[in-house]
Amino acid sequence: MEIRPNKIKHKLLNNEIVTVAMGDFTITAGFIDFIGQYGFDGVWIETEHGAIDFADIPDMTRAADLWDMTSIVRVNLNLPSVIYRTFDVGAQGIIMPHVNTADEARIVAESSKFYPLGNRGMYTSRQGIGVEDYSLKANDETLVMIMIEDIIAVENLDEILTIDNVDNIDVF
């Protein structure tokens, strides 16, 4: 069995347009099932501002998997354990808000990747069941995004841009 390719990551690498459905208080696994028919590349699962409980993420990412959509979870804390857990319950990507320094960006990148690229704790997750060399393949398919939202982050942008294994930086 092979790991499920990360549609959004590959499209971004090829400079292609990406379509992502998003919502905050209305998104559910059932909603993701419904929008799957419309061909979105991915779905943004909002846990920073939305009323989504962590326990809801596995069913939401599973619904995205069924429709070949990449699940991106906007996490609410830049803590390795929160990042690990988000991937462990099926997310194919994360986006971390309010990354203000290179050190904060490094935490996101290293917590999202297995050794030798990072320090993510070893756990297979649903994405890796039956996949040989899962940790190495997961490193290639994991989408890591950060958000530049604050003036201090803009002031530190040159340093933030030096951090490896960040796939996309969104500036707001």
# chains A, B, ... in the order shown; residues from 1 in each chain; ligands from 1
>>> select_by_dssp(residues="region 88-166 of chain A", states="helix (DSSP H, G or I)", output="MDAnalysis selection string")
chainID A and resid 88 102:112 126:128 134:141 151:155 157:160
>>> select_by_dssp(residues="region 65-146 of chain A", states="strand (DSSP E)", output="PyMOL selection string")
chain A and resi 70-74+93-96+143-146
>>> write_last_selection(atoms="N, CA and C atoms", output="compact mmCIF listing (two decimals), in the first residue's frame")
# COMPACT_ATOMS: atom_id res chain seq x y z
N THR A 70 -7.15 17.16 0.25
CA THR A 70 -6.15 17.34 1.29
C THR A 70 -6.80 18.04 2.48
N SER A 71 -6.59 17.50 3.66
CA SER A 71 -7.11 18.13 4.87
C SER A 71 -6.01 18.99 5.49
N ILE A 72 -6.32 20.28 5.65
CA ILE A 72 -5.39 21.22 6.27
C ILE A 72 -6.04 21.72 7.55
N VAL A 73 -5.36 21.54 8.66
CA VAL A 73 -5.89 21.97 9.93
C VAL A 73 -5.13 23.22 10.39
N ARG A 74 -5.87 24.28 10.62
CA ARG A 74 -5.28 25.48 11.23
C ARG A 74 -5.28 25.22 12.72
N GLY A 93 -2.00 18.19 6.30
CA GLY A 93 -1.28 19.44 6.38
C GLY A 93 -1.75 20.25 7.57
N ILE A 94 -0.88 21.16 7.98
CA ILE A 94 -1.26 22.11 9.03
C ILE A 94 -0.91 23.51 8.56
N ILE A 95 -1.60 24.47 9.12
CA ILE A 95 -1.22 25.86 8.97
C ILE A 95 -1.17 26.46 10.36
N MET A 96 -0.04 27.08 10.68
CA MET A 96 0.18 27.64 12.00
C MET A 96 0.05 29.16 11.94
N LEU A 143 2.21 18.58 4.43
CA LEU A 143 2.17 19.98 4.03
C LEU A 143 2.30 20.86 5.27
N VAL A 144 3.30 21.73 5.28
CA VAL A 144 3.58 22.59 6.42
C VAL A 144 3.48 24.04 5.97
N MET A 145 2.54 24.76 6.57
CA MET A 145 2.32 26.16 6.22
C MET A 145 2.33 27.01 7.48
N ILE A 146 2.82 28.23 7.33
CA ILE A 146 2.79 29.17 8.44
C ILE A 146 2.14 30.47 7.97
>>> closest_residue(among="A:His10, A:Arg126, A:Arg120, A:Arg4", to="Val82 (chain A)", atoms="only C-alpha atoms")
A:Arg120
>>> closest_residue(among="A:Ala153, A:Ala138, A:Leu117, A:Ile163", to="Ala105 (chain A)", atoms="only C-alpha atoms")
A:Ile163
>>> residues_around(residues="region 11-25 of chain A", least_positions_apart="5", cutoff="9 Å", atoms="only C-alpha atoms", output="list in words")
Asn6, Ile32, Ile35, Gly39, Phe40, Asp41, Gly42, Val43, Trp44, Ile45, Glu46, Thr47, Glu48, His49, Gly50, Ala51, Ile52, Met69, Thr70, Asp167 and Asn168 of chain A
>>> closest_residue(among="A:Ile8, A:Met60, A:Leu136, A:Met147", to="Asn78 (chain A)", atoms="only C-alpha atoms")
A:Met147
>>> closest_residue(among="A:Gly121, A:Thr162, A:Leu157, A:Tyr115", to="Ser81 (chain A)", atoms="only C-alpha atoms")
A:Gly121
>>> atom_distance(atom1="CA of Asn156 (chain A)", atom2="CA of Ala102 (chain A)")
7.3 Å
>>> atom_distance(atom1="CA of His98 (chain A)", atom2="CA of Leu79 (chain A)")
12.7 Å
>>> atom_distance(atom1="CA of Phe172 (chain A)", atom2="CA of Ser111 (chain A)")
23.4 Å
>>> closest_residue(among="A:Phe54, A:Tyr84, A:Trp67, A:Phe34", to="Glu110 (chain A)", atoms="only C-alpha atoms")
A:Tyr84
>>> residues_around(residues="Leu66 (chain A)", least_positions_apart="5", cutoff="9 Å", atoms="only C-alpha atoms", output="list in words")
Asp33, Gly36 and Thr61 of chain A
